[in-house]
file data38.cif (mmCIF, C-alpha atoms and all ligand atoms)
data_input
loop_
_atom_site.label_atom_id
_atom_site.label_comp_id
_atom_site.auth_asym_id
_atom_site.auth_seq_id
_atom_site.Cartn_x
_atom_site.Cartn_y
_atom_site.Cartn_z
CA MET A 777 22.01 -4.83 5.36
CA ALA A 778 19.13 -3.51 7.49
CA ARG A 779 16.27 -2.31 5.36
CA ILE A 780 15.33 1.36 5.50
CA LYS A 781 12.20 1.85 7.60
CA THR A 782 9.00 3.00 5.90
CA MET A 783 7.77 4.36 9.20
CA GLU A 784 8.92 4.46 12.77
CA TRP A 785 6.79 5.36 15.76
CA ARG A 786 8.27 7.26 18.66
CA PRO A 787 5.95 8.48 21.41
CA GLY A 788 4.19 11.49 19.91
CA GLU A 789 6.06 11.31 16.59
CA LEU A 790 5.66 9.37 13.37
CA HIS A 791 8.87 9.25 11.35
CA LEU A 792 8.36 8.61 7.63
CA ILE A 793 10.99 8.10 4.96
CA ASP A 794 10.13 10.59 2.22
CA GLN A 795 9.30 8.24 -0.66
CA ARG A 796 9.09 11.12 -3.14
CA LYS A 797 12.84 11.58 -2.86
CA LEU A 798 14.06 7.96 -2.89
CA PRO A 799 16.36 6.51 -3.99
CA VAL A 800 18.52 9.58 -4.54
CA VAL A 801 17.90 11.26 -1.20
CA GLU A 802 17.13 9.43 2.07
CA GLU A 803 15.25 11.98 4.11
CA VAL A 804 12.97 11.41 7.08
CA VAL A 805 9.88 13.56 7.66
CA VAL A 806 8.63 13.79 11.25
CA CYS A 807 4.87 14.15 11.79
CA ARG A 808 3.70 15.40 15.18
CA THR A 809 0.06 16.10 14.35
CA TYR A 810 -2.67 14.15 12.60
CA SER A 811 -2.91 16.89 9.99
CA GLU A 812 0.76 16.37 9.15
CA VAL A 813 0.10 12.65 8.69
CA ALA A 814 -2.87 13.42 6.42
CA ARG A 815 -0.69 15.73 4.33
CA ALA A 816 2.06 13.08 4.15
CA ILE A 817 -0.43 10.51 2.81
CA LYS A 818 -1.94 12.93 0.30
CA ASP A 819 1.46 14.08 -0.95
CA MET A 820 2.73 10.47 -1.13
CA ILE A 821 5.57 10.92 1.34
CA VAL A 822 4.12 7.60 2.50
CA ARG A 823 2.28 5.48 -0.08
CA GLY A 824 1.22 1.90 -0.78
CA ALA A 825 -2.05 0.51 0.58
CA PRO A 826 -0.91 -1.20 3.83
CA ALA A 827 1.55 1.63 4.64
CA ILE A 828 -1.19 4.23 4.23
CA GLY A 829 -3.42 2.23 6.60
CA ALA A 830 -0.76 1.95 9.30
CA ALA A 831 0.20 5.63 8.94
CA ALA A 832 -3.45 6.67 9.32
CA ALA A 833 -3.75 4.57 12.48
CA TYR A 834 -0.69 6.35 13.90
CA GLY A 835 -2.32 9.61 12.80
CA VAL A 836 -5.25 8.85 15.12
CA ALA A 837 -2.78 8.02 17.91
CA LEU A 838 -1.06 11.38 17.34
CA ALA A 839 -4.43 13.12 17.47
CA MET A 840 -4.90 11.73 20.98
CA TYR A 841 -1.46 13.02 21.98
CA GLN A 842 -2.56 16.46 20.77
CA PHE A 843 -5.87 16.23 22.62
CA VAL A 844 -4.20 15.34 25.92
CA GLU A 845 -1.41 17.93 25.52
CA GLU A 846 -3.93 20.67 24.80
CA GLU A 847 -5.83 19.62 27.96
CA ARG A 848 -9.12 19.66 26.10
CA ASP A 849 -12.35 18.70 27.76
CA ARG A 850 -13.37 15.08 27.23
CA SER A 851 -16.85 16.19 26.14
CA GLU A 852 -15.18 17.45 22.94
CA LEU A 853 -13.70 14.06 22.15
CA PRO A 854 -16.44 12.48 19.96
CA GLU A 855 -16.57 15.50 17.64
CA TYR A 856 -12.78 15.84 17.65
CA LEU A 857 -12.15 12.21 16.68
CA LYS A 858 -14.80 12.42 13.96
CA GLU A 859 -12.94 15.38 12.49
CA VAL A 860 -9.65 13.43 12.75
CA ARG A 861 -11.14 10.43 10.93
CA GLU A 862 -12.61 12.61 8.20
CA THR A 863 -9.36 14.48 7.65
CA LEU A 864 -7.40 11.24 7.31
CA ALA A 865 -10.10 9.56 5.18
CA GLN A 866 -10.12 12.42 2.69
CA THR A 867 -6.50 11.94 1.67
CA ARG A 868 -6.61 9.12 -0.90
CA PRO A 869 -9.78 7.33 -2.01
CA THR A 870 -8.73 4.04 -3.60
CA ALA A 871 -6.71 1.95 -1.13
CA VAL A 872 -9.27 0.46 1.24
CA ASN A 873 -6.63 -0.29 3.90
CA LEU A 874 -6.87 3.38 4.88
CA PHE A 875 -10.56 3.07 5.73
CA TRP A 876 -10.06 -0.38 7.23
CA ALA A 877 -7.45 1.02 9.67
CA LEU A 878 -9.57 4.07 10.55
CA ASP A 879 -12.57 1.80 11.22
CA ARG A 880 -10.48 -0.42 13.44
CA MET A 881 -9.24 2.58 15.44
CA ASN A 882 -12.78 3.88 15.69
CA ARG A 883 -14.10 0.54 16.93
CA LEU A 884 -11.47 0.55 19.68
CA TYR A 885 -12.44 4.09 20.63
CA GLN A 886 -16.16 3.21 20.71
CA ALA A 887 -15.46 0.22 22.96
CA ASN A 888 -13.44 2.44 25.35
CA ARG A 889 -15.39 5.69 25.28
CA ASP A 890 -15.61 5.78 29.05
CA LEU A 891 -11.87 5.89 29.59
CA LYS A 892 -10.10 9.13 30.49
CA PRO A 893 -8.37 10.80 27.50
CA GLU A 894 -4.93 9.86 28.89
CA GLN A 895 -5.89 6.17 29.07
CA LEU A 896 -7.59 6.27 25.68
CA LYS A 897 -4.42 7.75 24.22
CA GLU A 898 -2.50 4.70 25.44
CA ARG A 899 -5.08 2.26 24.08
CA LEU A 900 -5.18 3.90 20.65
CA GLU A 901 -1.39 4.04 20.52
CA GLU A 902 -1.26 0.29 21.30
CA GLU A 903 -3.83 -0.42 18.60
CA ALA A 904 -1.87 1.53 15.98
CA LYS A 905 1.27 -0.39 16.93
CA ALA A 906 -0.68 -3.66 16.67
CA ILE A 907 -1.85 -2.73 13.16
CA ALA A 908 1.75 -2.04 12.17
CA ASP A 909 3.14 -5.23 13.77
CA GLU A 910 0.40 -7.41 12.30
CA ASP A 911 1.16 -6.02 8.85
CA VAL A 912 4.73 -7.33 9.03
CA ALA A 913 3.59 -10.78 10.23
CA THR A 914 0.90 -10.88 7.53
CA ASN A 915 3.43 -10.07 4.83
CA ARG A 916 5.73 -12.89 5.92
CA LYS A 917 2.84 -15.33 5.52
CA ILE A 918 1.96 -13.90 2.11
CA GLY A 919 5.59 -14.42 1.14
CA GLU A 920 5.56 -18.05 2.27
CA TYR A 921 2.30 -18.97 0.53
CA GLY A 922 3.30 -17.12 -2.61
CA ALA A 923 6.81 -18.54 -2.88
CA ALA A 924 5.30 -21.99 -3.46
CA LEU A 925 3.96 -20.65 -6.77
CA VAL A 926 7.37 -19.53 -7.97
CA PRO A 927 9.22 -22.07 -10.13
CA GLU A 928 13.00 -22.49 -10.10
CA LYS A 929 14.75 -19.99 -12.38
CA ALA A 930 11.57 -17.94 -12.74
CA GLY A 931 11.44 -14.57 -14.44
CA ILE A 932 8.97 -12.48 -12.44
CA LEU A 933 7.46 -9.22 -13.65
CA THR A 934 6.07 -6.75 -11.12
CA HIS A 935 4.41 -3.37 -11.50
CA CYS A 936 4.60 -0.38 -9.14
CA ASN A 937 6.03 -0.98 -5.67
CA ALA A 938 4.39 -3.59 -3.46
CA GLY A 939 7.53 -3.81 -1.37
CA ALA A 940 8.70 -3.00 2.13
CA LEU A 941 8.16 0.68 1.37
CA ALA A 942 4.49 0.11 0.49
CA THR A 943 3.92 -1.68 3.79
CA VAL A 944 5.33 -1.46 7.29
CA ASP A 945 8.02 -3.92 6.19
CA TYR A 946 8.76 -6.78 3.81
CA GLY A 947 6.06 -6.01 1.24
CA THR A 948 3.37 -8.14 -0.40
CA ALA A 949 4.38 -8.94 -4.00
CA LEU A 950 7.99 -8.37 -2.96
CA ALA A 951 7.49 -10.63 0.08
CA VAL A 952 6.82 -13.48 -2.35
CA ILE A 953 9.96 -12.54 -4.27
CA ARG A 954 12.00 -12.21 -1.05
CA VAL A 955 10.97 -15.63 0.26
CA ALA A 956 11.54 -17.30 -3.13
CA HIS A 957 15.04 -15.75 -3.16
CA GLU A 958 15.70 -16.82 0.45
CA GLN A 959 14.68 -20.36 -0.55
CA GLY A 960 17.51 -20.32 -3.07
CA LYS A 961 15.32 -20.16 -6.17
CA ASP A 962 17.31 -18.63 -8.98
CA ILE A 963 14.78 -15.87 -9.75
CA HIS A 964 15.11 -12.74 -11.82
CA VAL A 965 12.76 -9.79 -11.43
CA TYR A 966 11.63 -7.39 -14.16
CA ALA A 967 10.45 -4.15 -12.57
CA ASP A 968 8.14 -1.92 -14.61
CA GLU A 969 9.23 1.68 -14.03
CA THR A 970 5.57 2.67 -13.45
CA ARG A 971 4.89 6.09 -14.92
CA PRO A 972 4.02 8.69 -13.86
CA PHE A 973 5.24 8.42 -10.26
CA LEU A 974 8.00 5.89 -11.03
CA GLN A 975 7.45 3.67 -8.00
CA GLY A 976 8.97 0.77 -9.94
CA ALA A 977 12.13 2.57 -11.00
CA ARG A 978 12.68 4.51 -7.81
CA LEU A 979 11.45 2.09 -5.15
CA THR A 980 11.11 -1.52 -6.38
CA ALA A 981 14.37 -1.55 -8.33
CA TRP A 982 16.13 0.04 -5.36
CA GLU A 983 14.66 -2.29 -2.73
CA LEU A 984 15.57 -5.40 -4.70
CA GLN A 985 19.03 -4.13 -5.52
CA GLN A 986 19.64 -3.47 -1.81
CA ASP A 987 18.57 -7.05 -1.01
CA GLY A 988 20.87 -8.47 -3.69
CA ILE A 989 17.94 -9.92 -5.65
CA PRO A 990 18.63 -9.90 -9.41
CA VAL A 991 16.46 -7.19 -10.98
CA THR A 992 16.20 -5.56 -14.39
CA LEU A 993 14.40 -2.26 -14.78
CA ILE A 994 12.16 -1.89 -17.84
CA THR A 995 9.95 0.95 -18.97
CA ASP A 996 6.23 0.14 -18.90
CA ASN A 997 6.04 -0.21 -22.67
CA MET A 998 8.68 -2.97 -22.64
CA ALA A 999 6.52 -5.48 -20.74
CA ALA A 1000 5.04 -7.01 -23.90
CA TYR A 1001 8.50 -7.36 -25.41
CA ALA A 1002 9.86 -9.00 -22.26
CA MET A 1003 7.01 -11.51 -22.31
CA GLN A 1004 7.38 -12.21 -26.03
CA GLN A 1005 11.08 -12.88 -25.46
CA GLY A 1006 10.22 -15.52 -22.86
CA LEU A 1007 11.76 -13.57 -19.98
CA VAL A 1008 8.66 -13.68 -17.80
CA ASP A 1009 7.21 -16.83 -16.20
CA LEU A 1010 4.77 -15.13 -13.85
CA VAL A 1011 3.53 -11.69 -12.87
CA ILE A 1012 2.96 -10.64 -9.25
CA THR A 1013 1.54 -7.27 -8.25
CA GLY A 1014 0.04 -5.79 -5.11
CA ALA A 1015 -3.48 -4.41 -4.75
CA ASP A 1016 -5.19 -1.33 -3.40
CA ARG A 1017 -8.73 -2.69 -3.21
CA ILE A 1018 -10.19 -6.07 -4.12
CA ALA A 1019 -13.94 -6.36 -4.68
CA ALA A 1020 -15.98 -9.38 -3.52
CA ASN A 1021 -15.70 -10.98 -6.98
CA GLY A 1022 -11.89 -10.61 -7.15
CA ASP A 1023 -11.76 -7.55 -9.42
CA THR A 1024 -8.62 -5.75 -8.28
CA ALA A 1025 -7.65 -2.08 -8.26
CA ASN A 1026 -3.91 -1.52 -8.38
CA LYS A 1027 -1.52 1.04 -9.81
CA ILE A 1028 -2.42 2.40 -13.23
CA GLY A 1029 -1.00 0.10 -15.87
CA THR A 1030 -1.66 -3.12 -13.96
CA TYR A 1031 -4.68 -3.95 -16.13
CA GLY A 1032 -2.57 -3.71 -19.27
CA VAL A 1033 0.03 -6.02 -17.77
CA ALA A 1034 -2.69 -8.54 -16.89
CA ILE A 1035 -4.00 -8.54 -20.48
CA LEU A 1036 -0.48 -9.04 -21.80
CA ALA A 1037 0.09 -11.92 -19.39
CA LYS A 1038 -3.10 -13.65 -20.54
CA GLU A 1039 -2.12 -13.26 -24.20
CA HIS A 1040 1.25 -14.88 -23.46
CA GLY A 1041 -0.17 -17.66 -21.26
CA ILE A 1042 1.63 -16.29 -18.18
CA PRO A 1043 -0.08 -16.54 -14.76
CA PHE A 1044 -0.93 -13.19 -13.19
CA TYR A 1045 -1.05 -13.18 -9.36
CA VAL A 1046 -2.14 -10.52 -6.90
CA ALA A 1047 -0.52 -10.49 -3.44
CA ALA A 1048 -2.45 -8.66 -0.73
CA PRO A 1049 -3.54 -8.91 2.89
CA ARG A 1050 -7.22 -9.51 3.64
CA SER A 1051 -7.44 -5.88 4.82
CA THR A 1052 -7.26 -4.96 1.10
CA ILE A 1053 -10.49 -6.85 0.37
CA ASP A 1054 -13.62 -4.71 0.32
CA ALA A 1055 -16.42 -7.27 0.46
CA SER A 1056 -18.99 -4.45 0.51
CA LEU A 1057 -18.33 -3.93 -3.21
CA ALA A 1058 -19.75 -6.60 -5.51
CA THR A 1059 -17.47 -5.73 -8.44
CA GLY A 1060 -14.51 -3.53 -9.29
CA GLU A 1061 -16.74 -1.07 -11.10
CA GLU A 1062 -17.65 0.39 -7.72
CA ILE A 1063 -14.04 1.07 -6.68
CA PRO A 1064 -13.31 4.82 -6.58
CA ILE A 1065 -10.31 5.70 -8.71
CA GLU A 1066 -8.14 8.58 -7.55
CA GLU A 1067 -7.39 11.25 -10.13
CA ARG A 1068 -4.09 12.94 -9.32
CA HIS A 1069 -2.63 16.25 -10.33
CA HIS A 1070 -2.00 16.59 -14.06
CA SER A 1071 1.50 17.94 -13.51
CA GLU A 1072 2.55 14.35 -12.65
CA VAL A 1073 2.00 13.55 -16.35
CA THR A 1074 3.15 16.78 -17.97
CA HIS A 1075 6.27 17.03 -15.83
CA VAL A 1076 8.91 14.51 -14.81
CA PHE A 1077 10.24 15.55 -11.44
CA GLY A 1078 9.91 19.23 -12.14
CA THR A 1079 10.93 19.16 -15.80
CA GLN A 1080 8.16 19.92 -18.29
CA VAL A 1081 7.90 17.16 -20.92
CA ALA A 1082 4.59 18.09 -22.62
CA PRO A 1083 3.18 21.21 -24.26
CA THR A 1084 1.87 23.88 -21.94
CA GLY A 1085 -1.90 23.62 -21.56
CA ILE A 1086 -2.17 20.09 -23.03
CA ASP A 1087 -5.24 18.07 -22.02
CA VAL A 1088 -4.30 15.26 -19.63
CA ILE A 1089 -5.88 12.53 -17.52
CA ASN A 1090 -4.09 11.07 -14.51
CA PRO A 1091 -5.98 8.15 -12.96
CA ALA A 1092 -3.69 6.70 -10.29
CA PHE A 1093 -5.20 3.21 -10.46
CA ASP A 1094 -7.03 0.85 -12.80
CA VAL A 1095 -9.13 -2.23 -12.18
CA THR A 1096 -8.08 -5.66 -13.43
CA PRO A 1097 -11.15 -7.84 -13.97
CA HIS A 1098 -11.01 -11.06 -11.95
CA ARG A 1099 -10.91 -13.27 -15.06
CA TYR A 1100 -7.30 -12.21 -15.65
CA ILE A 1101 -6.19 -13.21 -12.14
CA ALA A 1102 -4.82 -16.73 -11.54
CA GLY A 1103 -4.75 -16.35 -7.76
CA ILE A 1104 -4.83 -13.89 -4.87
CA ILE A 1105 -2.03 -14.56 -2.41
CA THR A 1106 -3.15 -13.69 1.13
CA GLU A 1107 -1.94 -14.42 4.66
CA VAL A 1108 -4.39 -17.33 4.86
CA GLY A 1109 -3.40 -18.96 1.59
CA VAL A 1110 -3.70 -18.56 -2.18
CA LEU A 1111 -7.30 -17.82 -3.18
CA LYS A 1112 -8.31 -19.34 -6.50
CA PRO A 1113 -11.24 -18.70 -8.83
CA PRO A 1114 -14.15 -18.60 -8.41
CA PHE A 1115 -13.14 -15.69 -6.19
CA THR A 1116 -16.60 -14.88 -4.91
CA GLU A 1117 -16.42 -18.17 -3.02
CA SER A 1118 -12.73 -18.25 -2.09
CA ILE A 1119 -12.77 -14.62 -0.90
CA ALA A 1120 -15.89 -15.14 1.24
CA GLU A 1121 -14.26 -18.25 2.72
CA ALA A 1122 -10.97 -16.42 3.44
CA LEU A 1123 -12.79 -13.61 5.23
CA LYS A 1124 -14.37 -16.11 7.63
CA LYS A 1125 -10.95 -17.37 8.83
O1 LIG A 1201 -0.09 5.35 -5.54
P1 LIG A 1201 0.61 4.34 -4.68
O2 LIG A 1201 2.08 4.37 -4.81
O3 LIG A 1201 0.13 4.41 -3.25
O4 LIG A 1201 0.11 2.94 -5.28
C1 LIG A 1201 0.63 1.76 -4.72
C2 LIG A 1201 0.17 0.54 -5.40
O5 LIG A 1201 -0.59 0.57 -6.36
C3 LIG A 1201 0.61 -0.76 -4.80
O6 LIG A 1201 0.76 -1.73 -5.79
C4 LIG A 1201 -0.43 -1.22 -3.79
O7 LIG A 1201 -0.73 -0.22 -2.88
C5 LIG A 1201 -0.02 -2.44 -3.07
S1 LIG A 1201 1.24 -2.12 -1.92
C6 LIG A 1201 1.62 -3.50 -1.03
#
call {"tool": "encode", "arguments": {"input": "data38.cif", "output": "structure tokens", "more": "lines below"}}
Ligand code: MRU
result
Amino acid sequence: MARIKTMEWRPGELHLIDQRKLPVVEEVVVCRTYSEVARAIKDMIVRGAPAIGAAAAYGVALAMYQFVEEERDRSELPEYLKEVRETLAQTRPTAVNLFWALDRMNRLYQANRDLKPEQLKERLEEEAKAIADEDVATNRKIGEYGAALVPEKAGILTHCNAGALATVDYGTALAVIRVAHEQGKDIHVYADETRPFLQGARLTAWELQQDGIPVTLITDNMAAYAMQQGLVDLVITGADRIAANGDTANKIGTYGVAILAKEHGIPFYVAAPRSTIDASLATGEEIPIEERHHSEVTHVFGTQVAPTGIDVINPAFDVTPHRYIAGIITEVGVLKPPFTESIAEALKK
């Protein structure tokens, strides 16, 4: 069965599957302006680090469509594109792929500043498509390198959704799972439901079910039990930002899973493209953590589940210190501790 598309580019339009409504409703949202793309990222119509990056790149391409259609004067372009970048950059702070993609689009613009707006529009559109296509190729490689770490008959626990929906296609953590399954390994996945946004229940469980990969949904507080029962042989998650020393920001709850894995002697792997590495940050302490609206905690899809006025925190991510991580699975191989060295080496390739 063909997988549902996270995003689809048509000239002047970015089509996004509305991930807030999956798996119950399959609805596509069409963005025709960069502001609509920014809103879609902020509202999590599109989410997941690599998917956010690719969507932002298409947002810049759409901005050029707008500029050309409005027949604006090219002297306005530098200021206009700065405003576009800022609008897209202000959507979500943690996943570095967003800033990585915006930087890449900006570098292309800077190198082609002398082109006419119409030509620049084409170049930026090509670059956004390249970012999207490379993401899929990168994920396949992550899957191949990672599958070598998966034993026969492995129980694999994952948290959040690092699947096709979190990327342009195929996923990162789920790429490893997909390749291991394709190789005929008799794997079984345990998907944490991932409160409060339920990416595990709504997206990971659904993706794997659609692919015919055996999956059991558990609530987040069942992970320790599953490990104690011997159901889990390894943990694989995605990442939103990896510091130079390997400290990794990922969906809230990942840190707890990593501690549990260590206690049970279970290897904990992170699967991510190199575009998720932020070598400008020495440690994870410097990673900005997004705080989302408190209603995500007090309400479950519109139904109030907590007292009115209750005090709440809602950090969307946490940082797993590098000492809990057995390896970082990238498109250039599995990086091992000491990460400061293996990450620096991987970035040179
Ligand atoms: O808030 P989200 O849904 O954007 O968070 C997503 C995650 O934390 C993923 O694990 C991460 O982006 C990796 S996706 C390949």
call {"tool": "closest_residue", "arguments": {"input": "data38.cif", "among": "A:Ala871, A:Leu974, A:Ile1089, A:Ala833", "to": "Phe1077 of chain A", "atoms": "all atoms listed in the file"}}
result
A:Leu974
call {"tool": "closest_residue", "arguments": {"input": "data38.cif", "among": "A:Ile1053, A:Val955, A:Ala839, A:Ile1035", "to": "Ile1101 of chain A", "atoms": "all atoms listed in the file"}}
result
A:Ile1035
call {"tool": "residues_near_point", "arguments": {"input": "data38.cif", "point": "(-2.5, -8.7, -14.9)", "cutoff": "10 Å", "atoms": "all atoms listed in the file", "output": "ChimeraX atom specification"}}
result
/A:934-935,1010-1013,1024,1026,1029-1038,1042-1046,1095-1102
call {"tool": "closest_residue", "arguments": {"input": "data38.cif", "among": "A:His791, A:Lys905, A:Arg1068, A:Arg916", "to": "ligand LIG 1201 (chain A)", "atoms": "all atoms listed in the file"}}
result
A:Arg1068
call {"tool": "atom_distance", "arguments": {"input": "data38.cif", "atom1": "atom CA of His964 of chain A", "atom2": "atom CA of Thr1106 of chain A"}}
result
22.4 Å
call {"tool": "residues_around", "arguments": {"input": "data38.cif", "residues": "His1069 of chain A", "least_positions_apart": "5", "cutoff": "12 Å", "atoms": "only C-alpha atoms", "output": "CSV table (one decimal) with C-alpha atoms, in the frame of the given file"}}
result
chain,number,residue,atom,x,y,z
A,818,LYS,CA,-1.9,12.9,0.3
A,819,ASP,CA,1.5,14.1,-1.0
A,972,PRO,CA,4.0,8.7,-13.9
A,973,PHE,CA,5.2,8.4,-10.3
A,1074,THR,CA,3.2,16.8,-18.0
A,1075,HIS,CA,6.3,17.0,-15.8
A,1088,VAL,CA,-4.3,15.3,-19.6
A,1089,ILE,CA,-5.9,12.5,-17.5
A,1090,ASN,CA,-4.1,11.1,-14.5
A,1091,PRO,CA,-6.0,8.2,-13.0
A,1092,ALA,CA,-3.7,6.7,-10.3
call {"tool": "residues_around", "arguments": {"input": "data38.cif", "residues": "Arg899 of chain A", "least_positions_apart": "5", "cutoff": "12 Å", "atoms": "only C-alpha atoms", "output": "MDAnalysis selection string"}}
result
chainID A and resid 833:834 836:837 840:841 881:889 891:894 904:906
call {"tool": "write_last_selection", "arguments": {"input": "data38.cif", "atoms": "C-alpha atoms", "output": "PDB file, in the coordinates of the input"}}
result
ATOM      1  CA  ALA A 833      -3.750   4.570  12.480  1.00  0.00           C
ATOM      2  CA  TYR A 834      -0.690   6.350  13.900  1.00  0.00           C
ATOM      3  CA  VAL A 836      -5.250   8.850  15.120  1.00  0.00           C
ATOM      4  CA  ALA A 837      -2.780   8.020  17.910  1.00  0.00           C
ATOM      5  CA  MET A 840      -4.900  11.730  20.980  1.00  0.00           C
ATOM      6  CA  TYR A 841      -1.460  13.020  21.980  1.00  0.00           C
ATOM      7  CA  MET A 881      -9.240   2.580  15.440  1.00  0.00           C
ATOM      8  CA  ASN A 882     -12.780   3.880  15.690  1.00  0.00           C
ATOM      9  CA  ARG A 883     -14.100   0.540  16.930  1.00  0.00           C
ATOM     10  CA  LEU A 884     -11.470   0.550  19.680  1.00  0.00           C
ATOM     11  CA  TYR A 885     -12.440   4.090  20.630  1.00  0.00           C
ATOM     12  CA  GLN A 886     -16.160   3.210  20.710  1.00  0.00           C
ATOM     13  CA  ALA A 887     -15.460   0.220  22.960  1.00  0.00           C
ATOM     14  CA  ASN A 888     -13.440   2.440  25.350  1.00  0.00           C
ATOM     15  CA  ARG A 889     -15.390   5.690  25.280  1.00  0.00           C
ATOM     16  CA  LEU A 891     -11.870   5.890  29.590  1.00  0.00           C
ATOM     17  CA  LYS A 892     -10.100   9.130  30.490  1.00  0.00           C
ATOM     18  CA  PRO A 893      -8.370  10.800  27.500  1.00  0.00           C
ATOM     19  CA  GLU A 894      -4.930   9.860  28.890  1.00  0.00           C
ATOM     20  CA  ALA A 904      -1.870   1.530  15.980  1.00  0.00           C
ATOM     21  CA  LYS A 905       1.270  -0.390  16.930  1.00  0.00           C
ATOM     22  CA  ALA A 906      -0.680  -3.660  16.670  1.00  0.00           C
TER      23      ALA A 906
END
call {"tool": "residues_near_ligand", "arguments": {"input": "data38.cif", "ligand": "ligand LIG 1201 (chain A)", "cutoff": "6 Å", "atoms": "only C-alpha atoms and all ligand atoms", "output": "VMD selection string"}}
result
chain A and resid 823 to 826 936 to 939 942 to 943 947 to 948 1014 to 1016 1026 to 1027
call {"tool": "atom_distance", "arguments": {"input": "data38.cif", "atom1": "atom CA of Glu1072 of chain A", "atom2": "atom CA of Ala1002 of chain A"}}
result
26.3 Å
call {"tool": "atom_distance", "arguments": {"input": "data38.cif", "atom1": "atom CA of Met783 of chain A", "atom2": "atom CA of Ser811 of chain A"}}
result
16.5 Å
call {"tool": "closest_residue", "arguments": {"input": "data38.cif", "among": "A:Val1008, A:Leu984, A:Ala1055, A:Leu993", "to": "Ile932 of chain A", "atoms": "only C-alpha atoms"}}
result
A:Val1008
call {"tool": "closest_residue", "arguments": {"input": "data38.cif", "among": "A:Lys1125, A:His1070, A:Glu1039, A:Thr995", "to": "Gln975 of chain A", "atoms": "only C-alpha atoms"}}
result
A:Thr995
call {"tool": "closest_residue", "arguments": {"input": "data38.cif", "among": "A:Leu857, A:Ile1065, A:Val952, A:Gly931", "to": "Met1003 of chain A", "atoms": "all atoms listed in the file"}}
result
A:Gly931
call {"tool": "residues_around", "arguments": {"input": "data38.cif", "residues": "Ala865 of chain A", "least_positions_apart": "6", "cutoff": "12 Å", "atoms": "all atoms listed in the file", "output": "number ranges by chain"}}
result
A: 810-811, 813-815, 817-818, 828-829, 831-833, 835-836, 857-859, 871-879
call {"tool": "write_last_selection", "arguments": {"input": "data38.cif", "atoms": "C-alpha atoms", "output": "PDB file, keeping the file's coordinate frame"}}
result
ATOM      1  CA  TYR A 810      -2.670  14.150  12.600  1.00  0.00           C
ATOM      2  CA  SER A 811      -2.910  16.890   9.990  1.00  0.00           C
ATOM      3  CA  VAL A 813       0.100  12.650   8.690  1.00  0.00           C
ATOM      4  CA  ALA A 814      -2.870  13.420   6.420  1.00  0.00           C
ATOM      5  CA  ARG A 815      -0.690  15.730   4.330  1.00  0.00           C
ATOM      6  CA  ILE A 817      -0.430  10.510   2.810  1.00  0.00           C
ATOM      7  CA  LYS A 818      -1.940  12.930   0.300  1.00  0.00           C
ATOM      8  CA  ILE A 828      -1.190   4.230   4.230  1.00  0.00           C
ATOM      9  CA  GLY A 829      -3.420   2.230   6.600  1.00  0.00           C
ATOM     10  CA  ALA A 831       0.200   5.630   8.940  1.00  0.00           C
ATOM     11  CA  ALA A 832      -3.450   6.670   9.320  1.00  0.00           C
ATOM     12  CA  ALA A 833      -3.750   4.570  12.480  1.00  0.00           C
ATOM     13  CA  GLY A 835      -2.320   9.610  12.800  1.00  0.00           C
ATOM     14  CA  VAL A 836      -5.250   8.850  15.120  1.00  0.00           C
ATOM     15  CA  LEU A 857     -12.150  12.210  16.680  1.00  0.00           C
ATOM     16  CA  LYS A 858     -14.800  12.420  13.960  1.00  0.00           C
ATOM     17  CA  GLU A 859     -12.940  15.380  12.490  1.00  0.00           C
ATOM     18  CA  ALA A 871      -6.710   1.950  -1.130  1.00  0.00           C
ATOM     19  CA  VAL A 872      -9.270   0.460   1.240  1.00  0.00           C
ATOM     20  CA  ASN A 873      -6.630  -0.290   3.900  1.00  0.00           C
ATOM     21  CA  LEU A 874      -6.870   3.380   4.880  1.00  0.00           C
ATOM     22  CA  PHE A 875     -10.560   3.070   5.730  1.00  0.00           C
ATOM     23  CA  TRP A 876     -10.060  -0.380   7.230  1.00  0.00           C
ATOM     24  CA  ALA A 877      -7.450   1.020   9.670  1.00  0.00           C
ATOM     25  CA  LEU A 878      -9.570   4.070  10.550  1.00  0.00           C
ATOM     26  CA  ASP A 879     -12.570   1.800  11.220  1.00  0.00           C
TER      27      ASP A 879
END
call {"tool": "residues_near_point", "arguments": {"input": "data38.cif", "point": "(-8.3, -11.9, -3.3)", "cutoff": "12 Å", "atoms": "all atoms listed in the file", "output": "number ranges by chain"}}
result
A: 918, 1013-1025, 1045-1055, 1096-1098, 1101-1123
call {"tool": "axis_aligned_box", "arguments": {"input": "data38.cif", "around": "segment 1098-1107 of chain A", "padding_each_side": "8 Å", "output": "AutoDock Vina command-line options"}}
result
--center_x -6.5 --center_y -13.9 --center_z -5.5 --size_x 25.1 --size_y 21.7 --size_z 36.3
call {"tool": "residues_around", "arguments": {"input": "data38.cif", "residues": "Thr782 of chain A", "least_positions_apart": "4", "cutoff": "6 Å", "atoms": "only C-alpha atoms", "output": "list in words"}}
result
Leu792, Ile793, Leu941 and Val944 of chain A
